[in-house]
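Participant: Can you read through this structure? Questions will come right after.
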Amino acid sequence: MVKSSTPIWVLLFSFMFGFEKPRFLLVTIIVIMVTGVILTVEGETKFDGLGFSLVLIASIISGLRWSMTQLLLKHENIGISNPIATLYYLSPVMFMTMMTLSLIFEHPFDQSQDSNHFDTFAHIIELFGLMSIGGFLAFAMILAELYLIKSTNTVTLSVAGISKEIVVITLSVMIYGDVLTTKNVLGLIVSIIGIIAYNYYKISKYNSKERQYQIIPLHSSSSSSTNTSMSSNTAIRNLRD
């Protein structure tokens with residue numbers, strides 16, 4: 001539920017960095033979607049202050065991370081504005097961070113000694129094959145996210161993340177037989193309404209920009225035609241003189 005607040009932090013950082021202009025309609029749409037996700041995943045929970053603080057900090061940092069990524073991708077003067085170049089520079093940092101945390105908290109070398117995945121050579125090959133498939137999918141996902149930010153913005157990415165949560169919840173009901181309460185179903189409907197409203201907002205904003213751009217050639221063509229007619233009239237007068 002706390003993690004579902006990430007789109008709000010993404011939106012706030014987008015306002016701070018100037019990626020989005022503060023609009024009441026946009027804020028309302030994001031709040032509706034987050035409320036829907038919270039209702040969808042709400043259940044019996046045991047509150048833990050430390051866990052709540054950690055997840056909240058992670059959500060805030062996630063919003064800052066995507067906003068900083070958009071800042072890199074949107075500025076052509078920066079040498080890593082290309083998504084592939086951005087991933088090239090960020091991957092080593094992410095790898096070292098995750099490896100360090102894994103060595104500290106998960107103790108992978110101790111776990112591998114007692115694991116059945118390392119008892120035979122065939123199991124080792126199977127394990128690394130599955131890890132390679134997962135790594136390739138993760139690489140493709142991050143690259144797609146960077147291209148999405150490059151083409152649109154971080155708010156659109158966060159909305160896509162909410163769509164993913166809805167798909168996961170729907171598949172859990174269809175495949176694993178998870179039961180949703182009336183409140184959960186209501187939250188699912190609210191989230192879908194929020195996503196539809198956001199898409200309508202983006203389409204309306206895009207169409208308004210297209211209309212503004214179409215006005216410019218009309219003025220320029222009319223002014224150029226006027227200048228052409230004036231120059232032709234001047235030429236005729238000069239010939240007469």
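Ligands are numbered from 1 in the order shown, residues from 1 within each chain, and chains are lettered A, B, ... in the order they appear in the structure tokens.
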Enumerate, in order of chain and increasing residue number, the residues of stretch 85-142 of chain A with an atom no farther than 12 Å from stretch 147-165 of chain A, each with its shortest atom pair and distance in Å to one decimal, counting only C-alpha atoms, as a tab-separated table.
Facilitator:
residue	atom	partner	partner_atom	distance
A:Ala85	CA	A:Tyr147	CA	11.4
A:Thr86	CA	A:Tyr147	CA	10.4
A:Leu87	CA	A:Tyr147	CA	10.6
A:Ala140	CA	A:Tyr147	CA	10.5
A:Met141	CA	A:Tyr147	CA	9.9
A:Ile142	CA	A:Tyr147	CA	8.7
Participant: Go ahead and save the picked residues with N, CA and C atoms, as a PDB file, in the first residue's frame.
Facilitator:
ATOM      1  N   ALA A  85      23.189   4.582 -23.740  1.00  0.00           N
ATOM      2  CA  ALA A  85      24.340   5.162 -23.054  1.00  0.00           C
ATOM      3  C   ALA A  85      24.043   5.354 -21.568  1.00  0.00           C
ATOM      4  N   THR A  86      22.832   5.762 -21.250  1.00  0.00           N
ATOM      5  CA  THR A  86      22.449   5.908 -19.842  1.00  0.00           C
ATOM      6  C   THR A  86      22.529   4.588 -19.106  1.00  0.00           C
ATOM      7  N   LEU A  87      22.019   3.533 -19.734  1.00  0.00           N
ATOM      8  CA  LEU A  87      22.081   2.208 -19.118  1.00  0.00           C
ATOM      9  C   LEU A  87      23.520   1.723 -18.996  1.00  0.00           C
ATOM     10  N   ALA A 140      15.898  -5.857 -20.925  1.00  0.00           N
ATOM     11  CA  ALA A 140      14.931  -5.360 -21.903  1.00  0.00           C
ATOM     12  C   ALA A 140      13.898  -4.454 -21.244  1.00  0.00           C
ATOM     13  N   MET A 141      13.479  -4.800 -20.024  1.00  0.00           N
ATOM     14  CA  MET A 141      12.491  -3.991 -19.315  1.00  0.00           C
ATOM     15  C   MET A 141      13.050  -2.614 -18.971  1.00  0.00           C
ATOM     16  N   ILE A 142      14.272  -2.570 -18.444  1.00  0.00           N
ATOM     17  CA  ILE A 142      14.870  -1.280 -18.077  1.00  0.00           C
ATOM     18  C   ILE A 142      15.108  -0.432 -19.321  1.00  0.00           C
TER      19      ILE A 142
END
Participant: To test your reading of the structure, identify every residue in stretch 48-97 of chain A that backbone DSSP assigns to helix (DSSP H, G or I), and report it as an mmCIF file with all heavy atoms, in the first residue's frame.
Facilitator:
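Written output follows (part_29.cif):
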data_model
loop_
_atom_site.group_PDB
_atom_site.id
_atom_site.type_symbol
_atom_site.label_atom_id
_atom_site.label_comp_id
_atom_site.auth_asym_id
_atom_site.auth_seq_id
_atom_site.Cartn_x
_atom_site.Cartn_y
_atom_site.Cartn_z
ATOM 1 N N GLY A 49 6.554 0.027 12.246
ATOM 2 C CA GLY A 49 7.063 1.374 12.005
ATOM 3 C C GLY A 49 8.317 1.397 11.148
ATOM 4 O O GLY A 49 8.451 2.213 10.237
ATOM 5 N N LEU A 50 9.249 0.469 11.414
ATOM 6 C CA LEU A 50 10.488 0.431 10.640
ATOM 7 C C LEU A 50 10.216 0.062 9.185
ATOM 8 O O LEU A 50 10.747 0.698 8.259
ATOM 9 C CB LEU A 50 11.461 -0.561 11.262
ATOM 10 C CG LEU A 50 12.800 -0.739 10.533
ATOM 11 C CD1 LEU A 50 13.561 0.572 10.475
ATOM 12 C CD2 LEU A 50 13.629 -1.831 11.213
ATOM 13 N N GLY A 51 9.390 -0.951 8.990
ATOM 14 C CA GLY A 51 9.062 -1.347 7.620
ATOM 15 C C GLY A 51 8.329 -0.252 6.868
ATOM 16 O O GLY A 51 8.611 0.003 5.682
ATOM 17 N N PHE A 52 7.418 0.423 7.556
ATOM 18 C CA PHE A 52 6.693 1.531 6.930
ATOM 19 C C PHE A 52 7.655 2.644 6.516
ATOM 20 O O PHE A 52 7.565 3.176 5.408
ATOM 21 C CB PHE A 52 5.654 2.080 7.917
ATOM 22 C CG PHE A 52 4.948 3.314 7.435
ATOM 23 C CD1 PHE A 52 3.883 3.224 6.557
ATOM 24 C CD2 PHE A 52 5.362 4.575 7.862
ATOM 25 C CE1 PHE A 52 3.220 4.369 6.115
ATOM 26 C CE2 PHE A 52 4.722 5.710 7.430
ATOM 27 C CZ PHE A 52 3.649 5.610 6.555
ATOM 28 N N SER A 53 8.592 2.973 7.390
ATOM 29 C CA SER A 53 9.547 4.045 7.088
ATOM 30 C C SER A 53 10.449 3.672 5.917
ATOM 31 O O SER A 53 10.713 4.485 5.025
ATOM 32 C CB SER A 53 10.394 4.359 8.318
ATOM 33 O OG SER A 53 9.576 4.748 9.413
ATOM 34 N N LEU A 54 10.923 2.416 5.888
ATOM 35 C CA LEU A 54 11.805 1.979 4.815
ATOM 36 C C LEU A 54 11.103 2.002 3.458
ATOM 37 O O LEU A 54 11.663 2.462 2.459
ATOM 38 C CB LEU A 54 12.340 0.575 5.112
ATOM 39 C CG LEU A 54 13.324 0.461 6.281
ATOM 40 C CD1 LEU A 54 13.689 -0.999 6.538
ATOM 41 C CD2 LEU A 54 14.579 1.275 6.026
ATOM 42 N N VAL A 55 9.867 1.499 3.417
ATOM 43 C CA VAL A 55 9.137 1.471 2.149
ATOM 44 C C VAL A 55 8.788 2.883 1.693
ATOM 45 O O VAL A 55 8.842 3.199 0.499
ATOM 46 C CB VAL A 55 7.862 0.601 2.279
ATOM 47 C CG1 VAL A 55 7.062 0.634 0.985
ATOM 48 C CG2 VAL A 55 8.226 -0.829 2.619
ATOM 49 N N LEU A 56 8.442 3.754 2.645
ATOM 50 C CA LEU A 56 8.135 5.140 2.288
ATOM 51 C C LEU A 56 9.367 5.846 1.727
ATOM 52 O O LEU A 56 9.277 6.555 0.707
ATOM 53 C CB LEU A 56 7.609 5.886 3.513
ATOM 54 C CG LEU A 56 7.197 7.346 3.279
ATOM 55 C CD1 LEU A 56 6.080 7.429 2.255
ATOM 56 C CD2 LEU A 56 6.777 7.999 4.590
ATOM 57 N N ILE A 57 10.521 5.642 2.366
ATOM 58 C CA ILE A 57 11.760 6.245 1.860
ATOM 59 C C ILE A 57 12.096 5.683 0.481
ATOM 60 O O ILE A 57 12.514 6.422 -0.428
ATOM 61 C CB ILE A 57 12.917 5.999 2.848
ATOM 62 C CG1 ILE A 57 12.655 6.752 4.160
ATOM 63 C CG2 ILE A 57 14.250 6.431 2.250
ATOM 64 C CD1 ILE A 57 13.659 6.437 5.251
ATOM 65 N N ALA A 58 11.894 4.378 0.298
ATOM 66 C CA ALA A 58 12.156 3.770 -1.005
ATOM 67 C C ALA A 58 11.244 4.347 -2.080
ATOM 68 O O ALA A 58 11.665 4.565 -3.224
ATOM 69 C CB ALA A 58 11.978 2.257 -0.913
ATOM 70 N N SER A 59 9.985 4.610 -1.747
ATOM 71 C CA SER A 59 9.049 5.184 -2.713
ATOM 72 C C SER A 59 9.468 6.598 -3.100
ATOM 73 O O SER A 59 9.418 6.976 -4.280
ATOM 74 C CB SER A 59 7.633 5.190 -2.135
ATOM 75 O OG SER A 59 7.200 3.878 -1.829
ATOM 76 N N ILE A 60 9.899 7.382 -2.107
ATOM 77 C CA ILE A 60 10.342 8.754 -2.392
ATOM 78 C C ILE A 60 11.597 8.748 -3.257
ATOM 79 O O ILE A 60 11.704 9.485 -4.245
ATOM 80 C CB ILE A 60 10.586 9.511 -1.074
ATOM 81 C CG1 ILE A 60 9.275 9.636 -0.278
ATOM 82 C CG2 ILE A 60 11.158 10.899 -1.343
ATOM 83 C CD1 ILE A 60 9.457 10.243 1.103
ATOM 84 N N ILE A 61 12.557 7.888 -2.903
ATOM 85 C CA ILE A 61 13.795 7.814 -3.678
ATOM 86 C C ILE A 61 13.515 7.306 -5.089
ATOM 87 O O ILE A 61 14.168 7.722 -6.056
ATOM 88 C CB ILE A 61 14.820 6.925 -2.955
ATOM 89 C CG1 ILE A 61 15.235 7.576 -1.635
ATOM 90 C CG2 ILE A 61 16.047 6.680 -3.814
ATOM 91 C CD1 ILE A 61 16.193 6.746 -0.816
ATOM 92 N N SER A 62 12.552 6.400 -5.234
ATOM 93 C CA SER A 62 12.192 5.907 -6.563
ATOM 94 C C SER A 62 11.672 7.038 -7.448
ATOM 95 O O SER A 62 12.038 7.141 -8.627
ATOM 96 C CB SER A 62 11.141 4.803 -6.443
ATOM 97 O OG SER A 62 10.726 4.358 -7.717
ATOM 98 N N GLY A 63 10.827 7.903 -6.872
ATOM 99 C CA GLY A 63 10.352 9.054 -7.632
ATOM 100 C C GLY A 63 11.476 9.991 -8.014
ATOM 101 O O GLY A 63 11.531 10.499 -9.146
ATOM 102 N N LEU A 64 12.427 10.219 -7.087
ATOM 103 C CA LEU A 64 13.585 11.068 -7.386
ATOM 104 C C LEU A 64 14.476 10.430 -8.439
ATOM 105 O O LEU A 64 14.996 11.117 -9.334
ATOM 106 C CB LEU A 64 14.365 11.328 -6.106
ATOM 107 C CG LEU A 64 15.636 12.176 -6.244
ATOM 108 C CD1 LEU A 64 15.311 13.566 -6.780
ATOM 109 C CD2 LEU A 64 16.369 12.265 -4.913
ATOM 110 N N ARG A 65 14.629 9.126 -8.364
ATOM 111 C CA ARG A 65 15.485 8.420 -9.326
ATOM 112 C C ARG A 65 14.968 8.569 -10.749
ATOM 113 O O ARG A 65 15.721 8.882 -11.669
ATOM 114 C CB ARG A 65 15.554 6.950 -8.939
ATOM 115 C CG ARG A 65 16.206 6.063 -9.997
ATOM 116 C CD ARG A 65 15.677 4.648 -9.911
ATOM 117 N NE ARG A 65 16.178 3.827 -10.995
ATOM 118 C CZ ARG A 65 15.676 2.647 -11.302
ATOM 119 N NH1 ARG A 65 14.640 2.163 -10.626
ATOM 120 N NH2 ARG A 65 16.167 1.935 -12.301
ATOM 121 N N TRP A 66 13.672 8.354 -10.947
ATOM 122 C CA TRP A 66 13.122 8.450 -12.297
ATOM 123 C C TRP A 66 13.125 9.887 -12.789
ATOM 124 O O TRP A 66 13.325 10.136 -13.991
ATOM 125 C CB TRP A 66 11.716 7.872 -12.341
ATOM 126 C CG TRP A 66 11.679 6.381 -12.255
ATOM 127 C CD1 TRP A 66 11.067 5.628 -11.303
ATOM 128 C CD2 TRP A 66 12.299 5.453 -13.153
ATOM 129 N NE1 TRP A 66 11.271 4.292 -11.544
ATOM 130 C CE2 TRP A 66 12.016 4.160 -12.676
ATOM 131 C CE3 TRP A 66 13.066 5.594 -14.308
ATOM 132 C CZ2 TRP A 66 12.467 3.015 -13.328
ATOM 133 C CZ3 TRP A 66 13.520 4.455 -14.951
ATOM 134 C CH2 TRP A 66 13.225 3.193 -14.469
ATOM 135 N N SER A 67 12.949 10.834 -11.895
ATOM 136 C CA SER A 67 13.002 12.240 -12.310
ATOM 137 C C SER A 67 14.423 12.626 -12.726
ATOM 138 O O SER A 67 14.609 13.336 -13.722
ATOM 139 C CB SER A 67 12.524 13.142 -11.173
ATOM 140 O OG SER A 67 11.171 12.883 -10.854
ATOM 141 N N MET A 68 15.425 12.158 -11.986
ATOM 142 C CA MET A 68 16.806 12.426 -12.368
ATOM 143 C C MET A 68 17.155 11.732 -13.688
ATOM 144 O O MET A 68 17.900 12.278 -14.514
ATOM 145 C CB MET A 68 17.747 11.945 -11.264
ATOM 146 C CG MET A 68 17.610 12.690 -9.954
ATOM 147 S SD MET A 68 18.072 14.432 -10.089
ATOM 148 C CE MET A 68 19.820 14.297 -10.414
ATOM 149 N N THR A 69 16.591 10.537 -13.899
ATOM 150 C CA THR A 69 16.820 9.841 -15.167
ATOM 151 C C THR A 69 16.224 10.622 -16.329
ATOM 152 O O THR A 69 16.839 10.754 -17.396
ATOM 153 C CB THR A 69 16.199 8.434 -15.105
ATOM 154 O OG1 THR A 69 16.754 7.709 -14.002
ATOM 155 C CG2 THR A 69 16.484 7.673 -16.391
ATOM 156 N N GLN A 70 15.009 11.143 -16.127
ATOM 157 C CA GLN A 70 14.404 11.960 -17.175
ATOM 158 C C GLN A 70 15.224 13.222 -17.429
ATOM 159 O O GLN A 70 15.345 13.675 -18.575
ATOM 160 C CB GLN A 70 12.969 12.336 -16.801
ATOM 161 C CG GLN A 70 12.263 13.163 -17.872
ATOM 162 C CD GLN A 70 10.822 13.465 -17.529
ATOM 163 O OE1 GLN A 70 10.278 12.920 -16.569
ATOM 164 N NE2 GLN A 70 10.195 14.335 -18.291
ATOM 165 N N LEU A 71 15.793 13.786 -16.377
ATOM 166 C CA LEU A 71 16.629 14.973 -16.537
ATOM 167 C C LEU A 71 17.845 14.673 -17.418
ATOM 168 O O LEU A 71 18.247 15.498 -18.243
ATOM 169 C CB LEU A 71 17.081 15.473 -15.162
ATOM 170 C CG LEU A 71 17.889 16.780 -15.131
ATOM 171 C CD1 LEU A 71 17.041 17.943 -15.639
ATOM 172 C CD2 LEU A 71 18.392 17.065 -13.731
ATOM 173 N N LEU A 72 18.416 13.481 -17.269
ATOM 174 C CA LEU A 72 19.547 13.093 -18.105
ATOM 175 C C LEU A 72 19.126 12.842 -19.548
ATOM 176 O O LEU A 72 19.833 13.201 -20.490
ATOM 177 C CB LEU A 72 20.206 11.832 -17.536
ATOM 178 C CG LEU A 72 20.911 11.956 -16.188
ATOM 179 C CD1 LEU A 72 21.417 10.590 -15.730
ATOM 180 C CD2 LEU A 72 22.069 12.931 -16.268
ATOM 181 N N LEU A 73 17.956 12.229 -19.722
ATOM 182 C CA LEU A 73 17.532 11.838 -21.061
ATOM 183 C C LEU A 73 16.992 13.005 -21.868
ATOM 184 O O LEU A 73 17.047 12.988 -23.103
ATOM 185 C CB LEU A 73 16.453 10.744 -20.967
ATOM 186 C CG LEU A 73 16.922 9.393 -20.435
ATOM 187 C CD1 LEU A 73 15.739 8.467 -20.226
ATOM 188 C CD2 LEU A 73 17.918 8.748 -21.379
ATOM 189 N N LYS A 74 16.464 14.021 -21.196
ATOM 190 C CA LYS A 74 15.828 15.123 -21.904
ATOM 191 C C LYS A 74 16.813 16.197 -22.337
ATOM 192 O O LYS A 74 16.484 17.014 -23.195
ATOM 193 C CB LYS A 74 14.744 15.755 -21.028
ATOM 194 C CG LYS A 74 13.535 14.857 -20.783
ATOM 195 C CD LYS A 74 12.763 14.589 -22.058
ATOM 196 C CE LYS A 74 11.507 13.774 -21.780
ATOM 197 N NZ LYS A 74 10.729 13.519 -23.015
ATOM 198 N N PRO A 83 19.235 6.449 -24.289
ATOM 199 C CA PRO A 83 18.888 5.427 -23.289
ATOM 200 C C PRO A 83 19.927 4.331 -23.146
ATOM 201 O O PRO A 83 20.208 3.883 -22.032
ATOM 202 C CB PRO A 83 17.555 4.876 -23.815
ATOM 203 C CG PRO A 83 16.963 6.000 -24.605
ATOM 204 C CD PRO A 83 18.132 6.691 -25.229
ATOM 205 N N ILE A 84 20.514 3.888 -24.253
ATOM 206 C CA ILE A 84 21.526 2.836 -24.169
ATOM 207 C C ILE A 84 22.774 3.350 -23.446
ATOM 208 O O ILE A 84 23.371 2.646 -22.616
ATOM 209 C CB ILE A 84 21.876 2.320 -25.574
ATOM 210 C CG1 ILE A 84 20.636 1.693 -26.228
ATOM 211 C CG2 ILE A 84 23.022 1.312 -25.514
ATOM 212 C CD1 ILE A 84 20.875 1.167 -27.621
ATOM 213 N N ALA A 85 23.189 4.582 -23.740
ATOM 214 C CA ALA A 85 24.340 5.162 -23.054
ATOM 215 C C ALA A 85 24.043 5.354 -21.568
ATOM 216 O O ALA A 85 24.921 5.130 -20.714
ATOM 217 C CB ALA A 85 24.708 6.496 -23.703
ATOM 218 N N THR A 86 22.832 5.762 -21.250
ATOM 219 C CA THR A 86 22.449 5.908 -19.842
ATOM 220 C C THR A 86 22.529 4.588 -19.106
ATOM 221 O O THR A 86 23.064 4.505 -17.992
ATOM 222 C CB THR A 86 21.020 6.473 -19.752
ATOM 223 O OG1 THR A 86 20.953 7.721 -20.443
ATOM 224 C CG2 THR A 86 20.616 6.690 -18.303
ATOM 225 N N LEU A 87 22.019 3.533 -19.734
ATOM 226 C CA LEU A 87 22.081 2.208 -19.118
ATOM 227 C C LEU A 87 23.520 1.723 -18.996
ATOM 228 O O LEU A 87 23.878 1.037 -18.028
ATOM 229 C CB LEU A 87 21.260 1.221 -19.950
ATOM 230 C CG LEU A 87 21.013 -0.163 -19.344
ATOM 231 C CD1 LEU A 87 20.279 -0.026 -18.024
ATOM 232 C CD2 LEU A 87 20.224 -1.030 -20.305
ATOM 233 N N TYR A 88 24.357 2.096 -19.940
ATOM 234 C CA TYR A 88 25.769 1.699 -19.917
ATOM 235 C C TYR A 88 26.483 2.288 -18.695
ATOM 236 O O TYR A 88 27.301 1.619 -18.055
ATOM 237 C CB TYR A 88 26.449 2.154 -21.213
ATOM 238 C CG TYR A 88 27.951 1.933 -21.242
ATOM 239 C CD1 TYR A 88 28.476 0.675 -21.534
ATOM 240 C CD2 TYR A 88 28.829 2.979 -20.974
ATOM 241 C CE1 TYR A 88 29.840 0.468 -21.562
ATOM 242 C CE2 TYR A 88 30.198 2.780 -21.006
ATOM 243 C CZ TYR A 88 30.707 1.526 -21.303
ATOM 244 O OH TYR A 88 32.059 1.326 -21.328
ATOM 245 N N TYR A 89 26.159 3.525 -18.361
ATOM 246 C CA TYR A 89 26.811 4.178 -17.228
ATOM 247 C C TYR A 89 26.166 3.818 -15.888
ATOM 248 O O TYR A 89 26.841 3.821 -14.851
ATOM 249 C CB TYR A 89 26.788 5.695 -17.410
ATOM 250 C CG TYR A 89 27.783 6.190 -18.432
ATOM 251 C CD1 TYR A 89 27.369 6.563 -19.702
ATOM 252 C CD2 TYR A 89 29.139 6.277 -18.133
ATOM 253 C CE1 TYR A 89 28.268 7.016 -20.652
ATOM 254 C CE2 TYR A 89 30.052 6.725 -19.073
ATOM 255 C CZ TYR A 89 29.612 7.088 -20.331
ATOM 256 O OH TYR A 89 30.514 7.521 -21.268
ATOM 257 N N LEU A 90 24.873 3.513 -15.892
ATOM 258 C CA LEU A 90 24.186 3.240 -14.636
ATOM 259 C C LEU A 90 24.289 1.786 -14.200
ATOM 260 O O LEU A 90 24.240 1.498 -12.996
ATOM 261 C CB LEU A 90 22.700 3.619 -14.765
ATOM 262 C CG LEU A 90 22.379 5.101 -14.932
ATOM 263 C CD1 LEU A 90 20.867 5.310 -15.026
ATOM 264 C CD2 LEU A 90 22.947 5.928 -13.785
ATOM 265 N N SER A 91 24.425 0.869 -15.151
ATOM 266 C CA SER A 91 24.428 -0.555 -14.808
ATOM 267 C C SER A 91 25.544 -0.940 -13.850
ATOM 268 O O SER A 91 25.307 -1.698 -12.889
ATOM 269 C CB SER A 91 24.507 -1.399 -16.087
ATOM 270 O OG SER A 91 23.341 -1.246 -16.857
ATOM 271 N N PRO A 92 26.791 -0.483 -14.045
ATOM 272 C CA PRO A 92 27.836 -0.865 -13.070
ATOM 273 C C PRO A 92 27.541 -0.400 -11.649
ATOM 274 O O PRO A 92 27.801 -1.126 -10.682
ATOM 275 C CB PRO A 92 29.100 -0.190 -13.631
ATOM 276 C CG PRO A 92 28.832 -0.030 -15.083
ATOM 277 C CD PRO A 92 27.371 0.249 -15.188
ATOM 278 N N VAL A 93 26.969 0.792 -11.536
ATOM 279 C CA VAL A 93 26.640 1.300 -10.200
ATOM 280 C C VAL A 93 25.548 0.452 -9.563
ATOM 281 O O VAL A 93 25.629 0.076 -8.376
ATOM 282 C CB VAL A 93 26.200 2.775 -10.293
ATOM 283 C CG1 VAL A 93 25.814 3.301 -8.906
ATOM 284 C CG2 VAL A 93 27.302 3.623 -10.891
ATOM 285 N N MET A 94 24.517 0.120 -10.342
ATOM 286 C CA MET A 94 23.432 -0.713 -9.811
ATOM 287 C C MET A 94 23.940 -2.109 -9.458
ATOM 288 O O MET A 94 23.541 -2.693 -8.436
ATOM 289 C CB MET A 94 22.299 -0.792 -10.836
ATOM 290 C CG MET A 94 21.586 0.534 -11.059
ATOM 291 S SD MET A 94 20.122 0.395 -12.109
ATOM 292 C CE MET A 94 20.876 0.009 -13.696
ATOM 293 N N PHE A 95 24.839 -2.657 -10.291
ATOM 294 C CA PHE A 95 25.374 -3.994 -10.032
ATOM 295 C C PHE A 95 26.182 -4.016 -8.733
ATOM 296 O O PHE A 95 26.005 -4.917 -7.894
ATOM 297 C CB PHE A 95 26.243 -4.436 -11.203
ATOM 298 C CG PHE A 95 26.994 -5.710 -10.944
ATOM 299 C CD1 PHE A 95 26.340 -6.932 -11.021
ATOM 300 C CD2 PHE A 95 28.341 -5.686 -10.610
ATOM 301 C CE1 PHE A 95 27.030 -8.116 -10.776
ATOM 302 C CE2 PHE A 95 29.029 -6.863 -10.365
ATOM 303 C CZ PHE A 95 28.376 -8.081 -10.449
ATOM 304 N N MET A 96 27.059 -3.048 -8.548
ATOM 305 C CA MET A 96 27.885 -3.021 -7.348
ATOM 306 C C MET A 96 27.042 -2.809 -6.097
ATOM 307 O O MET A 96 27.307 -3.405 -5.043
ATOM 308 C CB MET A 96 28.943 -1.921 -7.473
ATOM 309 C CG MET A 96 29.986 -2.164 -8.553
ATOM 310 S SD MET A 96 30.862 -3.739 -8.338
ATOM 311 C CE MET A 96 31.624 -3.491 -6.730
ATOM 312 N N THR A 97 26.012 -1.971 -6.218
ATOM 313 C CA THR A 97 25.137 -1.731 -5.062
ATOM 314 C C THR A 97 24.393 -2.998 -4.658
ATOM 315 O O THR A 97 24.372 -3.387 -3.478
ATOM 316 C CB THR A 97 24.140 -0.613 -5.383
ATOM 317 O OG1 THR A 97 24.847 0.578 -5.748
ATOM 318 C CG2 THR A 97 23.258 -0.321 -4.169
#
Participant: For stretch 122-209 of chain A against stretch 28-43 of chain A, with a cut-off of 7 Å and counting only C-alpha atoms, what is the closest atom pair and its distance in Å to one decimal for every residue that makes the cut, ordered by chain and number, as CSV?
Facilitator:
residue,atom,partner,partner_atom,distance
A:Lys183,CA,A:Leu39,CA,6.1
A:Asn184,CA,A:Thr40,CA,3.9
A:Val185,CA,A:Thr40,CA,6.5
A:Gly187,CA,A:Gly36,CA,3.9
A:Leu188,CA,A:Thr40,CA,5.6
A:Val190,CA,A:Gly36,CA,4.8
A:Ser191,CA,A:Gly36,CA,4.5
A:Gly194,CA,A:Met33,CA,4.8
A:Ile195,CA,A:Met33,CA,6.8
A:Ala197,CA,A:Ile29,CA,6.7
A:Tyr198,CA,A:Ile29,CA,6.3
